[in-house]
file protein13.txt (compact mmCIF, C-alpha atoms and all ligand atoms)
# COMPACT_ATOMS: atom_id res chain seq x y z
CA MET A 1 118.85 124.47 -59.45
CA PRO A 2 115.01 124.50 -59.78
CA ALA A 3 113.17 127.70 -58.82
CA ASN A 4 111.53 126.07 -55.77
CA SER A 5 114.85 124.90 -54.49
CA THR A 6 116.55 128.28 -54.94
CA ALA A 7 113.67 130.07 -53.25
CA LEU A 8 113.53 127.72 -50.25
CA HIS A 9 117.29 127.84 -49.75
CA SER A 10 117.16 131.64 -49.78
CA TYR A 11 114.26 131.66 -47.30
CA PHE A 12 116.16 129.39 -44.95
CA ASP A 13 119.31 131.50 -45.17
CA ALA A 14 117.38 134.72 -44.50
CA LEU A 15 115.52 133.26 -41.51
CA PHE A 16 118.58 131.64 -40.01
CA ALA A 17 120.58 134.85 -40.41
CA ALA A 18 117.79 136.77 -38.67
CA TYR A 19 116.96 134.42 -35.77
CA GLY A 20 119.84 131.94 -35.44
CA PRO A 21 119.39 128.37 -34.20
CA GLN A 22 116.06 127.59 -32.54
CA HIS A 23 117.19 124.50 -30.57
CA TRP A 24 114.12 122.43 -31.30
CA TRP A 25 112.37 120.29 -30.15
CA PRO A 26 112.10 121.25 -26.47
CA GLY A 27 112.24 117.88 -24.70
CA ARG A 28 114.75 116.05 -22.51
CA THR A 29 114.29 112.61 -24.08
CA ARG A 30 112.94 111.09 -27.29
CA PHE A 31 109.88 109.89 -25.44
CA GLU A 32 109.23 113.34 -23.99
CA ILE A 33 109.41 114.75 -27.54
CA ILE A 34 106.84 112.18 -28.67
CA VAL A 35 104.58 113.07 -25.75
CA GLY A 36 104.95 116.77 -26.60
CA ALA A 37 104.13 116.13 -30.27
CA ILE A 38 100.92 114.36 -29.26
CA LEU A 39 99.89 116.89 -26.63
CA THR A 40 100.54 120.00 -28.71
CA GLN A 41 97.60 119.32 -31.01
CA ASN A 42 95.07 122.19 -30.76
CA THR A 43 96.72 123.90 -27.81
CA SER A 44 99.51 126.26 -26.85
CA TRP A 45 102.97 125.04 -25.92
CA THR A 46 102.61 126.57 -22.44
CA SER A 47 99.68 124.22 -21.78
CA VAL A 48 101.71 121.27 -23.06
CA GLU A 49 104.55 122.19 -20.71
CA ARG A 50 102.17 122.13 -17.74
CA ALA A 51 100.93 118.65 -18.66
CA ILE A 52 104.48 117.37 -19.19
CA ARG A 53 105.48 118.79 -15.83
CA ASN A 54 102.62 116.85 -14.25
CA LEU A 55 103.82 113.64 -15.91
CA ARG A 56 107.38 114.25 -14.77
CA THR A 57 106.33 114.89 -11.17
CA ALA A 58 104.27 111.68 -11.23
CA ARG A 59 107.25 109.80 -12.75
CA LEU A 60 105.24 108.88 -15.82
CA LEU A 61 107.55 110.10 -18.57
CA SER A 62 108.51 106.67 -19.91
CA PRO A 63 106.69 104.25 -22.25
CA ASN A 64 106.41 101.59 -19.57
CA ALA A 65 105.08 103.99 -16.95
CA ILE A 66 102.44 105.31 -19.36
CA ARG A 67 101.51 101.75 -20.30
CA LYS A 68 100.89 100.80 -16.66
CA ALA A 69 99.22 104.03 -15.56
CA PRO A 70 95.43 103.95 -15.16
CA SER A 71 93.77 106.02 -17.89
CA ALA A 72 91.80 108.08 -15.36
CA LYS A 73 94.98 109.13 -13.57
CA LEU A 74 96.70 109.93 -16.86
CA ALA A 75 93.75 112.00 -18.04
CA GLN A 76 93.86 114.04 -14.85
CA LEU A 77 97.54 114.83 -15.36
CA LEU A 78 97.00 115.73 -19.02
CA ARG A 79 94.05 118.01 -18.32
CA PRO A 80 96.06 121.29 -18.78
CA SER A 81 96.75 120.36 -22.42
CA GLY A 82 93.05 120.33 -23.39
CA TYR A 83 91.19 117.49 -25.13
CA PHE A 84 92.77 115.43 -22.35
CA ARG A 85 90.59 112.32 -22.73
CA GLN A 86 91.37 112.13 -26.44
CA LYS A 87 95.08 112.74 -25.77
CA THR A 88 95.09 110.06 -23.07
CA ARG A 89 93.70 107.57 -25.60
CA THR A 90 96.31 108.61 -28.18
CA LEU A 91 99.19 108.28 -25.73
CA LYS A 92 97.94 104.89 -24.54
CA SER A 93 97.48 103.74 -28.11
CA PHE A 94 101.02 104.87 -29.03
CA VAL A 95 102.67 102.95 -26.17
CA LYS A 96 100.56 99.85 -26.85
CA PHE A 97 101.74 99.97 -30.46
CA LEU A 98 105.34 100.49 -29.28
CA PHE A 99 105.23 97.41 -27.06
CA ASP A 100 103.18 95.23 -29.42
CA THR A 101 105.32 96.00 -32.47
CA TYR A 102 108.76 97.03 -31.18
CA ASP A 103 109.08 95.42 -27.73
CA GLY A 104 108.78 98.86 -26.17
CA SER A 105 112.07 99.97 -27.79
CA LEU A 106 112.36 103.43 -29.35
CA ASN A 107 115.61 102.28 -30.99
CA ASN A 108 113.71 99.54 -32.80
CA LEU A 109 110.89 101.92 -33.64
CA PHE A 110 113.14 104.52 -35.23
CA ALA A 111 115.27 101.92 -37.07
CA THR A 112 112.20 101.29 -39.23
CA PRO A 113 112.29 102.79 -42.76
CA THR A 114 110.59 106.17 -42.84
CA PRO A 115 107.64 105.45 -45.20
CA HIS A 116 106.68 102.29 -43.32
CA LEU A 117 106.97 103.93 -39.91
CA ARG A 118 104.94 106.93 -41.08
CA ASP A 119 102.15 104.59 -42.25
CA GLN A 120 102.22 102.80 -38.91
CA LEU A 121 102.03 106.04 -36.94
CA LEU A 122 99.22 107.36 -39.14
CA SER A 123 97.23 104.21 -38.48
CA LEU A 124 97.12 105.06 -34.75
CA ARG A 125 94.06 106.83 -33.45
CA GLY A 126 94.66 110.53 -32.86
CA ILE A 127 97.89 110.78 -34.87
CA GLY A 128 97.64 112.88 -38.04
CA PRO A 129 100.33 113.81 -40.60
CA GLU A 130 101.80 116.75 -38.66
CA THR A 131 102.10 114.74 -35.43
CA ALA A 132 103.52 111.68 -37.23
CA ASP A 133 106.11 113.80 -39.02
CA SER A 134 107.02 115.71 -35.84
CA ILE A 135 107.68 112.36 -34.13
CA LEU A 136 109.70 111.11 -37.11
CA LEU A 137 111.78 114.27 -37.41
CA TYR A 138 112.26 115.53 -33.88
CA ALA A 139 112.32 112.28 -31.89
CA GLY A 140 113.59 109.92 -34.59
CA LYS A 141 115.84 112.21 -36.67
CA HIS A 142 114.23 110.96 -39.87
CA PRO A 143 114.58 113.50 -42.70
CA VAL A 144 110.92 114.45 -43.16
CA PHE A 145 109.58 117.98 -43.37
CA VAL A 146 106.87 118.98 -40.90
CA VAL A 147 104.16 121.13 -42.45
CA ASP A 148 101.93 123.27 -40.27
CA ALA A 149 99.50 126.14 -40.74
CA TYR A 150 102.36 128.67 -40.67
CA THR A 151 104.22 126.84 -43.45
CA ARG A 152 101.14 126.81 -45.63
CA ARG A 153 100.34 130.48 -44.95
CA ILE A 154 103.85 131.71 -45.78
CA LEU A 155 104.11 129.67 -48.98
CA GLU A 156 100.68 130.78 -50.15
CA ARG A 157 101.35 134.44 -49.39
CA HIS A 158 104.59 134.27 -51.35
CA GLY A 159 103.00 132.56 -54.31
CA LEU A 160 105.01 129.37 -53.76
CA ALA A 161 102.07 127.06 -53.22
CA HIS A 162 98.48 126.91 -54.31
CA PRO A 163 95.89 126.97 -51.47
CA LYS A 164 94.53 123.63 -52.64
CA LEU A 165 97.78 121.74 -52.15
CA SER A 166 97.53 118.87 -49.69
CA TYR A 167 99.75 118.36 -46.65
CA HIS A 168 101.58 115.67 -48.58
CA GLN A 169 102.19 117.93 -51.60
CA ILE A 170 103.64 120.71 -49.47
CA ARG A 171 105.85 118.25 -47.60
CA LYS A 172 107.08 116.92 -50.95
CA LEU A 173 107.80 120.46 -52.14
CA PHE A 174 110.31 120.90 -49.31
CA GLU A 175 111.69 117.39 -49.44
CA SER A 176 112.28 117.47 -53.19
CA SER A 177 113.82 120.96 -53.09
CA LEU A 178 116.24 120.53 -50.20
CA PRO A 179 118.87 117.95 -49.23
CA ALA A 180 117.45 115.11 -47.08
CA ASP A 181 119.06 116.43 -43.91
CA HIS A 182 117.15 116.08 -40.65
CA GLN A 183 119.05 118.96 -39.03
CA LEU A 184 118.14 121.29 -41.88
CA PHE A 185 114.48 120.22 -41.73
CA ASN A 186 114.50 120.56 -37.94
CA GLU A 187 115.84 124.10 -38.07
CA PHE A 188 113.76 125.22 -41.05
CA HIS A 189 110.46 124.18 -39.52
CA ALA A 190 111.35 125.86 -36.23
CA LEU A 191 112.29 129.07 -38.08
CA ILE A 192 108.99 129.00 -39.96
CA VAL A 193 107.06 128.66 -36.70
CA HIS A 194 108.96 131.63 -35.28
CA THR A 195 108.11 133.68 -38.38
CA GLY A 196 104.46 132.68 -38.24
CA LYS A 197 104.14 133.59 -34.58
CA HIS A 198 105.93 136.90 -34.73
CA PHE A 199 105.31 138.25 -38.24
CA CYS A 200 103.12 136.19 -40.55
CA ARG A 201 99.99 136.37 -38.46
CA LYS A 202 96.66 135.32 -39.86
CA THR A 203 95.37 138.88 -40.00
CA ILE A 204 97.60 141.93 -40.49
CA PRO A 205 100.99 140.33 -41.12
CA ALA A 206 104.01 142.45 -40.16
CA CYS A 207 105.66 142.23 -43.58
CA SER A 208 107.78 145.36 -43.34
CA ARG A 209 109.64 143.95 -40.30
CA CYS A 210 109.77 140.34 -41.50
CA PRO A 211 113.06 138.77 -42.72
CA LEU A 212 111.15 137.33 -45.70
CA HIS A 213 109.84 140.71 -46.87
CA ARG A 214 112.36 140.98 -49.71
CA PHE A 215 111.04 137.72 -51.18
CA LEU A 216 107.44 138.89 -51.31
CA PRO A 217 106.53 139.29 -54.99
CA PRO A 218 105.61 142.96 -55.68
CA ALA A 219 102.21 141.96 -56.99
CA LEU A 220 101.51 140.21 -53.68
CA GLU A 221 102.42 143.03 -51.31
CA PRO A 222 100.02 143.62 -48.44
CA GLY A 223 96.99 145.57 -49.48
CA THR A 224 96.71 143.54 -52.64
CA ILE A 225 96.82 140.08 -51.14
CA PHE A 226 95.66 140.02 -47.53
CA ASN A 227 92.16 141.19 -48.12
CA ASP A 228 90.16 137.96 -48.17
CA SER A 229 88.38 136.60 -45.15
CA HIS A 230 91.16 134.09 -44.39
CA GLY A 231 94.02 136.54 -44.83
CA ARG A 232 95.21 134.33 -47.66
CA SER A 233 96.65 135.11 -51.03
CA PRO A 234 94.55 134.46 -54.11
CA VAL A 235 97.50 132.73 -55.78
CA THR A 236 96.96 132.07 -59.45
CA SER A 237 98.47 129.26 -61.42
CA HIS A 238 101.02 131.48 -63.19
CA GLN A 239 102.14 132.95 -59.87
CA SER A 240 102.59 129.61 -58.16
CA LEU A 241 106.02 128.07 -58.52
CA LEU A 242 104.50 124.74 -57.69
CA ALA A 243 101.70 123.73 -59.99
CA LEU A 244 99.04 121.44 -58.64
CA ARG A 245 100.08 117.89 -59.39
S1 LIG B 1 104.86 138.47 -42.74
FE1 LIG B 1 104.79 139.11 -44.89
S2 LIG B 1 106.92 138.99 -45.59
FE2 LIG B 1 106.76 137.78 -43.70
S3 LIG B 1 106.35 135.70 -44.36
FE3 LIG B 1 104.37 136.67 -43.99
S4 LIG B 1 103.75 137.46 -45.99
FE4 LIG B 1 105.94 137.05 -46.08
call {"tool": "encode", "arguments": {"input": "protein13.txt", "output": "structure tokens"}}
result
Amino acid sequence: MPANSTALHSYFDALFAAYGPQHWWPGRTRFEIIVGAILTQNTSWTSVERAIRNLRTARLLSPNAIRKAPSAKLAQLLRPSGYFRQKTRTLKSFVKFLFDTYDGSLNNLFATPTPHLRDQLLSLRGIGPETADSILLYAGKHPVFVVDAYTRRILERHGLAHPKLSYHQIRKLFESSLPADHQLFNEFHALIVHTGKHFCRKTIPACSRCPLHRFLPPALEPGTIFNDSHGRSPVTSHQSLLALR
């Protein structure tokens, strides 16, 4: 088994043993998960929940209802999530695409092969790689790994990834090291987010209490690594298990 694969399996096992199942993604329907993935950009989940509650109360949590809703009304309801005009445009653009390309059917949408559907989602205004992959994984159960700032920070601090790796390269690191299992990817990403929020903070990480502490290479213990302005590890090529490709 390659070193990356062994390491990532061990990380997953340690995190799952420590926290248990995370039950992601919070959302009652596939469409609600998609809405949440769009609204969560640059804001807290609490703010997203407020906006989703507004949509539910206004009976707008379906593709057809969003399609018919006036943009001004939608923007008002999305206001708690921040960047609400931009998010209104993104939501409108997603449902237009859904109706134009898939007759408004999420079944048809998610029956599309993953690479093609990812390209289609990425072509929509306001949808970047993390949002596209969250939609694919959590709403569509496609086996893609969602990379976020926490994922990058943990890998860099453990010498598993070079700071210059792209989103795509980090996603490939997970996808090529682990079985293509959407449930595993679902759980692993959620566990990483939990770790990032509670232990692997940007400044002053709580390594001694973190379930991943035993995997921290001795040379990268706090005090030697978290002293740059970004709280990031100066990973060198010989330390990184994944060379830049
Ligand atoms: S808090 Fe420390 S041990 Fe935990 S993931 Fe971050 S760097 Fe690793």
call {"tool": "closest_residue", "arguments": {"input": "protein13.txt", "among": "A:Asp119, A:Asp181, A:Glu187, A:Glu32", "to": "Ala132 (chain A)", "atoms": "all atoms listed in the file"}}
result
A:Asp119
call {"tool": "residues_near_ligand", "arguments": {"input": "protein13.txt", "ligand": "ligand LIG 1 (chain B)", "cutoff": "6 Å", "atoms": "only C-alpha atoms and all ligand atoms", "output": "list in words"}}
result
Ile154, Arg157, Phe199, Cys200, Pro205, Ala206, Cys207, Cys210, Leu212, His213 and Leu216 of chain A
call {"tool": "atom_distance", "arguments": {"input": "protein13.txt", "atom1": "CA of Phe94 (chain A)", "atom2": "CA of Arg125 (chain A)"}}
result
8.5 Å
call {"tool": "closest_atom_pairs", "arguments": {"input": "protein13.txt", "of": "region 95-168 of chain A", "to": "region 42-45 of chain A", "cutoff": "12 Å", "atoms": "all atoms listed in the file", "output": "JSON lines"}}
result
{"residue": "A:Gly126", "atom": "CA", "partner": "A:Asn42", "partner_atom": "CA", "distance": 11.9}
{"residue": "A:Glu130", "atom": "CA", "partner": "A:Asn42", "partner_atom": "CA", "distance": 11.7}
{"residue": "A:Thr131", "atom": "CA", "partner": "A:Asn42", "partner_atom": "CA", "distance": 11.3}
{"residue": "A:Asp148", "atom": "CA", "partner": "A:Asn42", "partner_atom": "CA", "distance": 11.8}
{"residue": "A:Ala149", "atom": "CA", "partner": "A:Asn42", "partner_atom": "CA", "distance": 11.6}
call {"tool": "residues_around", "arguments": {"input": "protein13.txt", "residues": "Arg201 (chain A)", "least_positions_apart": "4", "cutoff": "9 Å", "atoms": "only C-alpha atoms", "output": "list in words"}}
result
Tyr150, Arg153, Thr195, Gly196, Lys197, Pro205, Ala206 and Gly231 of chain A
call {"tool": "atom_distance", "arguments": {"input": "protein13.txt", "atom1": "CA of Pro163 (chain A)", "atom2": "CA of Pro129 (chain A)"}}
result
17.6 Å
call {"tool": "residues_near_point", "arguments": {"input": "protein13.txt", "point": "(101.2, 102.8, -22.4)", "cutoff": "7 Å", "atoms": "only C-alpha atoms", "output": "PyMOL selection string"}}
result
chain A and resi 63-68+91-96
call {"tool": "write_last_selection", "arguments": {"input": "protein13.txt", "atoms": "C-alpha atoms", "output": "PDB file, in the coordinates of the input"}}
result
ATOM      1  CA  PRO A  63     106.690 104.250 -22.250  1.00  0.00           C
ATOM      2  CA  ASN A  64     106.410 101.590 -19.570  1.00  0.00           C
ATOM      3  CA  ALA A  65     105.080 103.990 -16.950  1.00  0.00           C
ATOM      4  CA  ILE A  66     102.440 105.310 -19.360  1.00  0.00           C
ATOM      5  CA  ARG A  67     101.510 101.750 -20.300  1.00  0.00           C
ATOM      6  CA  LYS A  68     100.890 100.800 -16.660  1.00  0.00           C
ATOM      7  CA  LEU A  91      99.190 108.280 -25.730  1.00  0.00           C
ATOM      8  CA  LYS A  92      97.940 104.890 -24.540  1.00  0.00           C
ATOM      9  CA  SER A  93      97.480 103.740 -28.110  1.00  0.00           C
ATOM     10  CA  PHE A  94     101.020 104.870 -29.030  1.00  0.00           C
ATOM     11  CA  VAL A  95     102.670 102.950 -26.170  1.00  0.00           C
ATOM     12  CA  LYS A  96     100.560  99.850 -26.850  1.00  0.00           C
TER      13      LYS A  96
END
call {"tool": "residues_around", "arguments": {"input": "protein13.txt", "residues": "Phe16 (chain A)", "least_positions_apart": "6", "cutoff": "9 Å", "atoms": "all atoms listed in the file", "output": "PyMOL selection string"}}
result
chain A and resi 22+187-188+191
call {"tool": "closest_residue", "arguments": {"input": "protein13.txt", "among": "A:Ala58, A:Ala139, A:Leu74, A:Leu173", "to": "Thr90 (chain A)", "atoms": "only C-alpha atoms"}}
result
A:Leu74
call {"tool": "atom_distance", "arguments": {"input": "protein13.txt", "atom1": "CA of Gln41 (chain A)", "atom2": "CA of Asn186 (chain A)"}}
result
18.3 Å
call {"tool": "residues_around", "arguments": {"input": "protein13.txt", "residues": "Ile33 (chain A)", "least_positions_apart": "6", "cutoff": "10 Å", "atoms": "all atoms listed in the file", "output": "list of chain:residue names"}}
result
A:Trp24, A:Trp25, A:Pro26, A:Gly27, A:Leu39, A:Ser134, A:Ile135, A:Tyr138, A:Ala139, A:Gly140
call {"tool": "write_last_selection", "arguments": {"input": "protein13.txt", "atoms": "C-alpha atoms", "output": "mmCIF file, keeping the file's coordinate frame"}}
result
data_model
loop_
_atom_site.group_PDB
_atom_site.id
_atom_site.type_symbol
_atom_site.label_atom_id
_atom_site.label_comp_id
_atom_site.auth_asym_id
_atom_site.auth_seq_id
_atom_site.Cartn_x
_atom_site.Cartn_y
_atom_site.Cartn_z
ATOM 1 C CA TRP A 24 114.120 122.430 -31.300
ATOM 2 C CA TRP A 25 112.370 120.290 -30.150
ATOM 3 C CA PRO A 26 112.100 121.250 -26.470
ATOM 4 C CA GLY A 27 112.240 117.880 -24.700
ATOM 5 C CA LEU A 39 99.890 116.890 -26.630
ATOM 6 C CA SER A 134 107.020 115.710 -35.840
ATOM 7 C CA ILE A 135 107.680 112.360 -34.130
ATOM 8 C CA TYR A 138 112.260 115.530 -33.880
ATOM 9 C CA ALA A 139 112.320 112.280 -31.890
ATOM 10 C CA GLY A 140 113.590 109.920 -34.590
#
call {"tool": "closest_residue", "arguments": {"input": "protein13.txt", "among": "A:Tyr11, A:Tyr19, A:Phe185, A:Tyr83", "to": "Ile38 (chain A)", "atoms": "all atoms listed in the file"}}
result
A:Tyr83
call {"tool": "residues_near_point", "arguments": {"input": "protein13.txt", "point": "(109.6, 118.6, -44.6)", "cutoff": "6 Å", "atoms": "all atoms listed in the file", "output": "MDAnalysis selection string"}}
result
chainID A and resid 144:146 171 174:175 185
call {"tool": "closest_residue", "arguments": {"input": "protein13.txt", "among": "A:Arg152, A:Pro143, A:Leu77, A:Pro113", "to": "Arg59 (chain A)", "atoms": "only C-alpha atoms"}}
result
A:Leu77
call {"tool": "build_atoms", "arguments": {"input": "protein13.txt", "residues": "region 145-176 of chain A", "atoms": "N, CA and C atoms", "output": "PDB file, in the frame of the given file"}}
result
ATOM      1  N   PHE A 145     109.879 116.575 -43.653  1.00  0.00           N
ATOM      2  CA  PHE A 145     109.580 117.980 -43.370  1.00  0.00           C
ATOM      3  C   PHE A 145     108.204 118.087 -42.723  1.00  0.00           C
ATOM      4  N   VAL A 146     108.135 118.793 -41.616  1.00  0.00           N
ATOM      5  CA  VAL A 146     106.870 118.980 -40.900  1.00  0.00           C
ATOM      6  C   VAL A 146     106.167 120.223 -41.464  1.00  0.00           C
ATOM      7  N   VAL A 147     104.951 120.017 -41.896  1.00  0.00           N
ATOM      8  CA  VAL A 147     104.160 121.130 -42.450  1.00  0.00           C
ATOM      9  C   VAL A 147     103.097 121.527 -41.432  1.00  0.00           C
ATOM     10  N   ASP A 148     102.998 122.812 -41.159  1.00  0.00           N
ATOM     11  CA  ASP A 148     101.930 123.270 -40.270  1.00  0.00           C
ATOM     12  C   ASP A 148     101.218 124.460 -40.910  1.00  0.00           C
ATOM     13  N   ALA A 149     100.294 125.035 -40.174  1.00  0.00           N
ATOM     14  CA  ALA A 149      99.500 126.140 -40.740  1.00  0.00           C
ATOM     15  C   ALA A 149     100.393 127.325 -41.121  1.00  0.00           C
ATOM     16  N   TYR A 150     101.463 127.563 -40.349  1.00  0.00           N
ATOM     17  CA  TYR A 150     102.360 128.670 -40.670  1.00  0.00           C
ATOM     18  C   TYR A 150     103.076 128.424 -42.003  1.00  0.00           C
ATOM     19  N   THR A 151     103.514 127.187 -42.207  1.00  0.00           N
ATOM     20  CA  THR A 151     104.220 126.840 -43.450  1.00  0.00           C
ATOM     21  C   THR A 151     103.316 127.129 -44.647  1.00  0.00           C
ATOM     22  N   ARG A 152     102.103 126.645 -44.539  1.00  0.00           N
ATOM     23  CA  ARG A 152     101.140 126.810 -45.630  1.00  0.00           C
ATOM     24  C   ARG A 152     100.873 128.303 -45.887  1.00  0.00           C
ATOM     25  N   ARG A 153     100.667 129.050 -44.807  1.00  0.00           N
ATOM     26  CA  ARG A 153     100.340 130.480 -44.950  1.00  0.00           C
ATOM     27  C   ARG A 153     101.473 131.243 -45.635  1.00  0.00           C
ATOM     28  N   ILE A 154     102.704 130.984 -45.203  1.00  0.00           N
ATOM     29  CA  ILE A 154     103.850 131.710 -45.780  1.00  0.00           C
ATOM     30  C   ILE A 154     104.018 131.355 -47.255  1.00  0.00           C
ATOM     31  N   LEU A 155     103.947 130.069 -47.577  1.00  0.00           N
ATOM     32  CA  LEU A 155     104.110 129.670 -48.980  1.00  0.00           C
ATOM     33  C   LEU A 155     103.018 130.266 -49.851  1.00  0.00           C
ATOM     34  N   GLU A 156     101.796 130.227 -49.351  1.00  0.00           N
ATOM     35  CA  GLU A 156     100.680 130.780 -50.150  1.00  0.00           C
ATOM     36  C   GLU A 156     100.858 132.279 -50.346  1.00  0.00           C
ATOM     37  N   ARG A 157     101.225 132.982 -49.290  1.00  0.00           N
ATOM     38  CA  ARG A 157     101.350 134.440 -49.390  1.00  0.00           C
ATOM     39  C   ARG A 157     102.489 134.849 -50.315  1.00  0.00           C
ATOM     40  N   HIS A 158     103.467 133.955 -50.461  1.00  0.00           N
ATOM     41  CA  HIS A 158     104.590 134.270 -51.350  1.00  0.00           C
ATOM     42  C   HIS A 158     104.414 133.667 -52.732  1.00  0.00           C
ATOM     43  N   GLY A 159     103.255 133.114 -52.982  1.00  0.00           N
ATOM     44  CA  GLY A 159     103.000 132.560 -54.310  1.00  0.00           C
ATOM     45  C   GLY A 159     103.784 131.294 -54.606  1.00  0.00           C
ATOM     46  N   LEU A 160     104.231 130.596 -53.546  1.00  0.00           N
ATOM     47  CA  LEU A 160     105.010 129.370 -53.760  1.00  0.00           C
ATOM     48  C   LEU A 160     104.140 128.114 -53.753  1.00  0.00           C
ATOM     49  N   ALA A 161     102.936 128.233 -53.261  1.00  0.00           N
ATOM     50  CA  ALA A 161     102.070 127.060 -53.220  1.00  0.00           C
ATOM     51  C   ALA A 161     100.620 127.481 -53.394  1.00  0.00           C
ATOM     52  N   HIS A 162      99.899 126.662 -54.091  1.00  0.00           N
ATOM     53  CA  HIS A 162      98.480 126.910 -54.310  1.00  0.00           C
ATOM     54  C   HIS A 162      97.699 126.522 -53.044  1.00  0.00           C
ATOM     55  N   PRO A 163      96.657 127.289 -52.697  1.00  0.00           N
ATOM     56  CA  PRO A 163      95.890 126.970 -51.470  1.00  0.00           C
ATOM     57  C   PRO A 163      95.299 125.566 -51.458  1.00  0.00           C
ATOM     58  N   LYS A 164      95.150 124.966 -52.638  1.00  0.00           N
ATOM     59  CA  LYS A 164      94.530 123.630 -52.640  1.00  0.00           C
ATOM     60  C   LYS A 164      95.527 122.496 -52.475  1.00  0.00           C
ATOM     61  N   LEU A 165      96.811 122.821 -52.321  1.00  0.00           N
ATOM     62  CA  LEU A 165      97.780 121.740 -52.150  1.00  0.00           C
ATOM     63  C   LEU A 165      97.514 120.998 -50.848  1.00  0.00           C
ATOM     64  N   SER A 166      97.726 119.690 -50.894  1.00  0.00           N
ATOM     65  CA  SER A 166      97.530 118.870 -49.690  1.00  0.00           C
ATOM     66  C   SER A 166      98.757 118.960 -48.790  1.00  0.00           C
ATOM     67  N   TYR A 167      98.604 118.454 -47.574  1.00  0.00           N
ATOM     68  CA  TYR A 167      99.750 118.360 -46.650  1.00  0.00           C
ATOM     69  C   TYR A 167     100.892 117.635 -47.351  1.00  0.00           C
ATOM     70  N   HIS A 168     100.570 116.499 -47.940  1.00  0.00           N
ATOM     71  CA  HIS A 168     101.580 115.670 -48.580  1.00  0.00           C
ATOM     72  C   HIS A 168     102.301 116.419 -49.698  1.00  0.00           C
ATOM     73  N   GLN A 169     101.578 117.180 -50.492  1.00  0.00           N
ATOM     74  CA  GLN A 169     102.190 117.930 -51.600  1.00  0.00           C
ATOM     75  C   GLN A 169     103.140 119.015 -51.087  1.00  0.00           C
ATOM     76  N   ILE A 170     102.751 119.670 -50.011  1.00  0.00           N
ATOM     77  CA  ILE A 170     103.640 120.710 -49.470  1.00  0.00           C
ATOM     78  C   ILE A 170     104.889 120.073 -48.860  1.00  0.00           C
ATOM     79  N   ARG A 171     104.683 118.954 -48.166  1.00  0.00           N
ATOM     80  CA  ARG A 171     105.850 118.250 -47.600  1.00  0.00           C
ATOM     81  C   ARG A 171     106.807 117.851 -48.728  1.00  0.00           C
ATOM     82  N   LYS A 172     106.253 117.346 -49.807  1.00  0.00           N
ATOM     83  CA  LYS A 172     107.080 116.920 -50.950  1.00  0.00           C
ATOM     84  C   LYS A 172     107.802 118.099 -51.588  1.00  0.00           C
ATOM     85  N   LEU A 173     107.160 119.267 -51.582  1.00  0.00           N
ATOM     86  CA  LEU A 173     107.800 120.460 -52.140  1.00  0.00           C
ATOM     87  C   LEU A 173     109.113 120.737 -51.417  1.00  0.00           C
ATOM     88  N   PHE A 174     109.083 120.672 -50.082  1.00  0.00           N
ATOM     89  CA  PHE A 174     110.310 120.900 -49.310  1.00  0.00           C
ATOM     90  C   PHE A 174     111.298 119.757 -49.512  1.00  0.00           C
ATOM     91  N   GLU A 175     110.784 118.530 -49.415  1.00  0.00           N
ATOM     92  CA  GLU A 175     111.690 117.390 -49.440  1.00  0.00           C
ATOM     93  C   GLU A 175     112.353 117.209 -50.800  1.00  0.00           C
ATOM     94  N   SER A 176     111.671 117.627 -51.864  1.00  0.00           N
ATOM     95  CA  SER A 176     112.280 117.470 -53.190  1.00  0.00           C
ATOM     96  C   SER A 176     113.153 118.673 -53.546  1.00  0.00           C
TER      97      SER A 176
END
